[in-house]
>>> print(open('model.txt').read())   # compact mmCIF, C-alpha atoms
# COMPACT_ATOMS: atom_id res chain seq x y z
CA MET A 1 -4.12 8.02 -27.12
CA ARG A 2 -2.01 10.10 -24.84
CA THR A 3 1.45 10.99 -26.17
CA PHE A 4 4.02 9.26 -23.99
CA LEU A 5 7.18 10.50 -25.68
CA ARG A 6 8.38 14.06 -25.24
CA THR A 7 11.47 15.05 -27.22
CA ALA A 8 13.54 18.06 -26.24
CA PHE A 9 14.08 20.67 -28.98
CA LEU A 10 17.24 22.76 -28.73
CA PRO A 11 18.47 25.79 -30.70
CA VAL A 12 20.67 25.27 -33.74
CA CYS A 13 23.76 26.21 -31.77
CA LEU A 14 23.21 23.18 -29.55
CA LEU A 15 23.00 20.57 -32.28
CA LEU A 16 24.61 17.24 -31.43
CA ALA A 17 27.54 17.68 -33.80
CA ALA A 18 28.36 21.13 -32.46
CA CYS A 19 27.80 20.63 -28.77
CA GLY A 20 28.42 16.95 -28.16
CA GLN A 21 24.93 16.36 -26.73
CA GLU A 22 24.49 12.63 -26.14
CA PRO A 23 21.14 10.83 -26.45
CA GLN A 24 19.65 10.07 -23.04
CA VAL A 25 16.47 8.69 -21.54
CA LYS A 26 14.96 10.11 -18.37
CA LEU A 27 13.04 7.48 -16.41
CA ARG A 28 10.83 7.97 -13.38
CA PHE A 29 9.48 5.22 -11.13
CA ASP A 30 6.68 5.11 -8.58
CA GLU A 31 9.02 4.58 -5.63
CA SER A 32 12.53 5.59 -4.61
CA ILE A 33 15.26 3.87 -6.62
CA ARG A 34 18.11 5.27 -4.50
CA GLN A 35 20.28 3.02 -2.37
CA GLY A 36 22.84 4.99 -0.45
CA ALA A 37 24.60 7.21 -2.95
CA GLY A 38 23.70 5.00 -5.91
CA ILE A 39 20.85 3.13 -7.61
CA GLU A 40 19.13 0.19 -5.94
CA GLY A 41 20.65 -3.00 -7.29
CA SER A 42 17.48 -4.69 -8.53
CA TYR A 43 16.48 -1.62 -10.55
CA LEU A 44 19.96 -1.28 -12.01
CA GLU A 45 20.06 -4.94 -13.06
CA SER A 46 16.61 -4.66 -14.64
CA LEU A 47 17.66 -1.60 -16.65
CA GLN A 48 20.99 -3.09 -17.72
CA LEU A 49 19.22 -6.17 -19.07
CA LEU A 50 16.58 -4.11 -20.89
CA PHE A 51 19.07 -1.87 -22.70
CA GLN A 52 21.32 -4.78 -23.60
CA GLU A 53 18.30 -6.54 -25.13
CA LEU A 54 17.71 -3.38 -27.17
CA GLY A 55 21.25 -3.64 -28.54
CA TYR A 56 23.12 -1.04 -26.46
CA ARG A 57 26.66 -1.91 -25.43
CA PRO A 58 27.03 -2.06 -21.63
CA GLY A 59 30.22 0.00 -21.71
CA HIS A 60 28.41 2.89 -23.41
CA LEU A 61 25.57 3.10 -20.87
CA ARG A 62 25.82 5.53 -17.98
CA TYR A 63 23.23 5.77 -15.18
CA THR A 64 22.89 8.97 -13.16
CA LEU A 65 20.39 9.79 -10.41
CA VAL A 66 18.46 13.03 -10.86
CA ASP A 67 19.29 15.58 -8.17
CA GLY A 68 16.41 16.19 -5.79
CA ASP A 69 14.30 13.30 -7.12
CA GLU A 70 14.93 9.87 -5.62
CA GLN A 71 12.52 8.28 -8.09
CA ALA A 72 14.20 9.43 -11.34
CA LEU A 73 17.40 8.75 -13.24
CA MET A 74 19.07 9.60 -16.55
CA VAL A 75 20.52 6.90 -18.81
CA ARG A 76 23.17 7.96 -21.34
CA LEU A 77 22.73 5.59 -24.27
CA GLN A 78 25.65 6.23 -26.62
CA SER A 79 27.82 9.03 -27.96
CA GLU A 80 26.26 9.30 -31.44
CA PRO A 81 22.68 10.34 -32.31
CA LEU A 82 19.98 7.66 -32.39
CA ASP A 83 18.84 6.37 -35.72
CA PRO A 84 15.08 6.02 -36.47
CA MET A 85 15.05 2.30 -35.67
CA GLN A 86 16.64 2.89 -32.27
CA ARG A 87 14.11 5.60 -31.44
CA GLU A 88 11.22 3.37 -32.48
CA ALA A 89 12.55 0.45 -30.43
CA LEU A 90 12.71 2.62 -27.31
CA ILE A 91 9.17 3.89 -27.86
CA GLU A 92 7.86 0.37 -28.41
CA ARG A 93 9.52 -0.88 -25.22
CA PHE A 94 8.40 1.83 -22.81
CA THR A 95 4.98 2.84 -24.13
CA PRO A 96 3.14 -0.40 -23.22
CA ILE A 97 4.11 0.09 -19.57
CA MET A 98 2.55 3.55 -19.60
CA GLN A 99 -0.57 2.20 -21.27
CA ALA A 100 -0.90 -0.58 -18.70
CA ARG A 101 -0.59 1.90 -15.84
CA GLU A 102 -3.25 4.16 -17.36
CA ARG A 103 -5.86 1.43 -16.80
CA TRP A 104 -5.75 2.10 -13.05
CA PRO A 105 -7.79 2.61 -10.97
CA ALA A 106 -9.47 -0.47 -12.40
CA SER A 107 -13.13 -1.36 -12.14
CA LEU A 108 -15.06 -4.54 -11.41
CA GLU A 109 -18.53 -5.41 -12.59
CA ILE A 110 -20.42 -8.54 -11.53
CA THR A 111 -22.90 -9.59 -14.18
CA GLY A 112 -25.49 -12.36 -14.31
CA ILE A 113 -24.93 -15.23 -16.72
CA GLU A 114 -28.51 -16.42 -17.18
CA ASP A 115 -30.59 -13.53 -15.80
CA GLU A 116 -30.05 -9.90 -14.95
CA LEU A 117 -29.06 -9.22 -11.37
CA PRO A 118 -31.49 -7.14 -9.29
CA THR A 119 -29.03 -4.24 -8.98
CA PRO A 120 -25.89 -3.19 -10.86
CA LEU A 121 -22.84 -4.46 -9.01
CA ARG A 122 -19.97 -2.17 -9.98
CA THR A 123 -17.00 -0.69 -8.16
CA SER A 124 -13.46 0.58 -8.75
CA PHE A 125 -10.27 -0.01 -6.81
CA THR A 126 -6.63 0.96 -6.73
CA ALA A 127 -3.76 -1.51 -6.79
CA HIS A 128 -1.77 -0.38 -3.80
CA GLY A 129 -2.57 -3.43 -1.72
CA ARG A 130 0.10 -5.07 0.38
CA PRO A 131 0.84 -8.80 0.43
CA PHE A 132 -0.14 -10.78 3.47
CA MET A 133 -0.38 -14.44 4.41
CA VAL A 134 -3.25 -16.54 5.66
CA LYS A 135 -3.49 -20.16 6.63
CA GLN A 136 -6.49 -21.99 5.27
CA GLU A 137 -7.09 -24.28 8.20
CA ASN A 138 -9.36 -24.29 11.22
CA LEU A 139 -8.73 -21.13 13.20
CA ASN A 140 -8.67 -23.20 16.38
CA ALA A 141 -5.21 -24.27 15.31
CA LEU A 142 -4.03 -20.80 16.26
CA ASP A 143 -4.70 -21.67 19.88
CA ARG A 144 -1.91 -24.20 19.82
CA PRO A 145 1.64 -23.06 20.74
CA SER A 146 2.84 -24.05 17.27
CA SER A 147 1.40 -25.81 14.24
CA LEU A 148 2.37 -26.88 10.73
CA GLU A 149 -0.12 -25.25 8.39
CA GLU A 150 -0.46 -24.48 4.68
CA VAL A 151 0.09 -20.77 4.13
CA PHE A 152 -1.38 -18.79 1.23
CA CYS A 153 -0.18 -15.52 -0.28
CA ARG A 154 -2.90 -12.89 -0.68
CA ILE A 155 -3.18 -9.23 -1.70
CA GLU A 156 -6.00 -7.08 -0.37
CA VAL A 157 -7.26 -3.96 -2.18
CA LYS A 158 -9.77 -1.45 -0.86
CA LEU A 159 -12.82 -0.69 -2.98
CA ASN A 160 -13.47 2.94 -3.88
CA GLU A 161 -17.22 2.25 -3.89
CA GLN A 162 -18.67 -0.39 -1.58
CA LEU A 163 -20.58 -3.34 -2.96
CA PRO A 164 -23.81 -4.41 -1.22
CA PRO A 165 -23.67 -7.42 1.12
CA LEU A 166 -22.86 -10.42 -1.05
CA SER A 167 -20.76 -13.52 -1.41
CA PHE A 168 -19.17 -14.74 -4.64
CA GLN A 169 -17.78 -18.25 -4.92
CA ARG A 170 -15.88 -19.16 -8.05
CA THR A 171 -16.58 -22.46 -9.78
CA ARG A 172 -14.11 -24.44 -11.85
CA ASN A 173 -16.58 -25.51 -14.54
CA TRP A 174 -19.61 -23.48 -15.55
CA GLY A 175 -20.02 -24.26 -19.24
CA ASP A 176 -17.56 -21.58 -20.40
CA GLU A 177 -14.18 -23.16 -21.00
CA ASP A 178 -12.74 -19.91 -22.38
CA GLN A 179 -13.29 -18.01 -19.13
CA PRO A 180 -13.41 -20.60 -16.35
CA GLY A 181 -11.81 -18.39 -13.73
CA SER A 182 -14.31 -15.54 -13.90
CA MET A 183 -17.39 -17.73 -13.42
CA GLY A 184 -19.08 -18.40 -10.11
CA GLU A 185 -22.15 -18.29 -7.92
CA LEU A 186 -23.41 -15.11 -6.28
CA SER A 187 -25.40 -14.87 -3.05
CA LEU A 188 -27.13 -11.56 -2.31
CA ASP A 189 -29.34 -12.36 0.67
CA LEU A 190 -29.87 -14.77 3.53
CA GLU A 191 -32.15 -17.00 1.43
CA ASN A 192 -29.09 -18.92 0.25
CA VAL A 193 -30.09 -18.45 -3.39
CA HIS A 194 -27.11 -18.86 -5.71
CA THR A 195 -27.13 -16.90 -8.98
CA PRO A 196 -24.69 -17.77 -11.79
CA ALA A 197 -22.48 -14.73 -12.32
CA ARG A 198 -19.27 -13.56 -13.96
CA LEU A 199 -16.54 -11.15 -12.83
CA ARG A 200 -15.60 -8.50 -15.40
CA PHE A 201 -12.46 -6.42 -14.76
CA SER A 202 -11.67 -3.32 -16.82
CA ASP A 203 -7.96 -4.18 -16.92
CA PRO A 204 -7.59 -6.90 -19.59
CA GLU A 205 -4.38 -8.20 -18.05
CA LEU A 206 -6.07 -8.65 -14.68
CA GLN A 207 -9.05 -10.27 -16.41
CA LYS A 208 -6.69 -12.69 -18.15
CA ALA A 209 -4.98 -13.61 -14.87
CA VAL A 210 -8.38 -14.24 -13.29
CA ASP A 211 -9.76 -16.21 -16.25
CA GLU A 212 -6.68 -18.41 -16.37
CA ARG A 213 -6.81 -18.91 -12.61
CA GLN A 214 -3.35 -17.48 -12.02
CA VAL A 215 -5.02 -15.72 -9.10
CA GLU A 216 -8.15 -16.47 -7.08
CA VAL A 217 -10.61 -13.67 -6.35
CA ILE A 218 -12.19 -13.72 -2.91
CA ILE A 219 -15.34 -11.64 -2.40
CA ASP A 220 -16.96 -12.68 0.82
CA ASN A 221 -18.76 -11.31 3.83
CA ASP A 222 -17.80 -12.18 7.37
CA ASP A 223 -21.12 -10.92 8.78
CA TYR A 224 -23.50 -13.39 7.14
CA LEU A 225 -24.40 -11.05 4.26
CA THR A 226 -25.31 -8.13 6.52
CA SER A 227 -22.44 -5.70 5.83
CA PRO A 228 -21.29 -3.98 2.63
CA ILE A 229 -18.22 -5.34 0.86
CA GLU A 230 -15.29 -2.93 1.23
CA LYS A 231 -12.38 -4.94 -0.16
CA LEU A 232 -11.26 -7.52 -2.72
CA VAL A 233 -8.71 -10.19 -1.98
CA PHE A 234 -6.52 -11.73 -4.67
CA GLU A 235 -5.01 -15.05 -3.65
CA ILE A 236 -1.75 -15.60 -5.52
CA GLY A 237 -1.17 -19.17 -4.41
CA SER A 238 0.14 -21.52 -1.76
CA MET A 239 3.49 -20.96 -0.09
CA GLY A 240 3.60 -24.49 1.27
CA ARG A 241 3.28 -25.77 4.80
CA HIS A 242 5.15 -23.93 7.54
CA VAL A 243 5.45 -23.93 11.29
CA LEU A 244 3.44 -21.10 12.81
CA LEU A 245 3.61 -19.48 16.21
CA GLY A 246 0.19 -17.97 16.54
CA ARG A 247 -0.30 -16.04 13.30
CA ARG A 248 3.42 -15.65 12.57
CA THR A 249 5.86 -18.02 10.94
CA LEU A 250 9.06 -18.99 12.68
CA LEU A 251 11.08 -17.31 9.94
CA GLY A 252 9.24 -14.01 10.34
CA ASP A 253 8.95 -11.32 7.68
CA GLY A 254 10.89 -13.19 5.01
CA TYR A 255 7.64 -14.88 4.04
CA HIS A 256 6.05 -11.53 3.24
CA GLU A 257 8.88 -10.82 0.81
CA ARG A 258 8.33 -14.22 -0.81
CA CYS A 259 4.62 -13.45 -1.06
CA ALA A 260 5.39 -10.23 -2.91
CA ASP A 261 7.79 -12.14 -5.19
CA LEU A 262 5.00 -14.60 -6.07
CA ALA A 263 2.74 -11.71 -7.05
CA VAL A 264 5.45 -10.21 -9.25
CA GLU A 265 5.94 -13.59 -10.93
CA VAL A 266 2.30 -13.48 -12.05
CA GLY A 267 3.23 -10.33 -13.98
CA ARG A 268 0.90 -7.46 -14.83
CA PRO A 269 -0.88 -5.83 -13.27
CA PHE A 270 0.80 -6.87 -10.01
CA ASN A 271 4.35 -5.98 -11.07
CA LEU A 272 3.20 -2.45 -11.94
CA PHE A 273 2.88 -1.77 -8.21
CA MET A 274 5.08 -4.40 -6.54
CA GLY A 275 8.66 -5.56 -6.87
CA GLN A 276 11.64 -3.68 -8.24
CA GLY A 277 11.79 -3.69 -12.01
CA ILE A 278 11.11 -1.81 -15.21
CA ASP A 279 7.32 -2.19 -14.91
CA ARG A 280 7.38 0.21 -11.94
CA LEU A 281 8.06 2.95 -14.52
CA THR A 282 5.65 5.91 -14.42
CA SER A 283 7.14 8.16 -17.14
CA PHE A 284 9.93 8.35 -19.67
CA GLU A 285 11.42 11.18 -21.72
CA LEU A 286 13.76 10.76 -24.67
CA LEU A 287 16.34 13.53 -24.99
CA ASP A 288 18.08 13.16 -28.32
CA ASN A 289 17.41 16.35 -30.30
CA GLU A 290 15.22 14.64 -32.89
CA GLY A 291 11.64 15.65 -33.71
>>> encode(input="model.txt", output="structure tokens")
Amino acid sequence: MRTFLRTAFLPVCLLLAACGQEPQVKLRFDESIRQGAGIEGSYLESLQLLFQELGYRPGHLRYTLVDGDEQALMVRLQSEPLDPMQREALIERFTPIMQARERWPASLEITGIEDELPTPLRTSFTAHGRPFMVKQENLNALDRPSSLEEVFCRIEVKLNEQLPPLSFQRTRNWGDEDQPGSMGELSLDLENVHTPARLRFSDPELQKAVDERQVEVIIDNDDYLTSPIEKLVFEIGSMGRHVLLGRRTLLGDGYHERCADLAVEVGRPFNLFMGQGIDRLTSFELLDNEG
């Protein structure tokens, strides 16, 4: 396993007792955390809650942006050195985030349930999709000046390796109650032959979300199984019925923010790449003069 914690070693003349060095944590995120001259409010609230849960007194914490790096900050924890239990608690809190992020890019494999598929169906993909909305009604409704339609939140990710032309439709019951969400029927040609198949994701947290039907996976072909598959779509859920003007809602972009919030509520892996919280962390460094 990769070592996630790097501790700074200083000469004897710079020991805590002699030099007043205070234990700090350097945190870096995968987007800018700066807001004006300070730290973006959502990130600051997330960090304050985390350190309070770890037992640090709010009045002892000090947050400082790192000069020249809008994605990093230093957190002064307390005036005295950390004890072994405090160090271990910090490691246990931050390391799982790093481990979860290391699983990306993730991969997908479609496997046959009863028989082997004629060709291996494998691909990988990154998680930097953006939320969008779609209404699941007849597209002719878009011709009307306005309409009340059910709107669904979806995230689209681009595949690093294309899949052959296919269509995968998930089924709610396929004899496997432990993994109902990953089961479905696969179509690989125009003969309309449906093969029982299962989706296997390399990220166990994504697999769990799929199996438990927290998200729907859409793998389909708009060209009647004649074009390669270049993307996956994860449907997070319904956002209710709303008045649309063409393809836009009357309230505009606020719905896209709500869509992103729904994805973050699902948790990992979506909150590793969306939202503003501690799971956007990409690295941490404990500076406390202990080996």
>>> atom_distance(input="model.txt", atom1="CA of Ser79 in chain A", atom2="CA of Asp67 in chain A")
22.5 Å
>>> closest_residue(input="model.txt", among="A:Met133, A:Leu61, A:Leu117, A:Leu54", to="Met85 in chain A", atoms="only C-alpha atoms")
A:Leu54
>>> atom_distance(input="model.txt", atom1="CA of Arg103 in chain A", atom2="CA of Ser187 in chain A")
28.9 Å
>>> residues_around(input="model.txt", residues="Ser202 in chain A", least_positions_apart="4", cutoff="9 Å", atoms="only C-alpha atoms", output="list in words")
Arg103, Trp104, Ala106, Ser107, Leu108, Glu109, Leu206 and Gln207 of chain A
>>> atom_distance(input="model.txt", atom1="CA of Ile91 in chain A", atom2="CA of Val210 in chain A")
29.1 Å
>>> closest_residue(input="model.txt", among="A:Ile229, A:Leu44, A:Val66, A:Leu148", to="Phe168 in chain A", atoms="all atoms listed in the file")
A:Ile229
>>> closest_residue(input="model.txt", among="A:Lys26, A:Arg280, A:Arg241, A:Lys231", to="Pro165 in chain A", atoms="all atoms listed in the file")
A:Lys231
>>> closest_residue(input="model.txt", among="A:Leu262, A:Val215, A:Leu272, A:Ala37", to="Val233 in chain A", atoms="all atoms listed in the file")
A:Val215
>>> residues_around(input="model.txt", residues="range 153-162 of chain A", least_positions_apart="3", cutoff="6 Å", atoms="all atoms listed in the file", output="list in words")
Thr123, Ser124, Phe125, Gly129, Arg130, Pro131, Phe132, Met133, Ile229, Glu230, Lys231, Leu232, Val233, Phe234, Glu235, Ile236, Gly237 and Cys259 of chain A
>>> closest_residue(input="model.txt", among="A:Leu27, A:Ile113, A:Leu225, A:Val134", to="Ser182 in chain A", atoms="only C-alpha atoms")
A:Ile113
>>> residues_around(input="model.txt", residues="range 70-74 of chain A", least_positions_apart="4", cutoff="10 Å", atoms="all atoms listed in the file", output="number ranges by chain")
A: 24-35, 39, 62-66, 281-287
>>> closest_residue(input="model.txt", among="A:Pro23, A:Gly38, A:Glu257, A:Pro96", to="Gln276 in chain A", atoms="only C-alpha atoms")
A:Glu257
>>> residues_around(input="model.txt", residues="Thr195 in chain A", least_positions_apart="4", cutoff="9 Å", atoms="only C-alpha atoms", output="PyMOL selection string")
chain A and resi 112-115+117+184-188
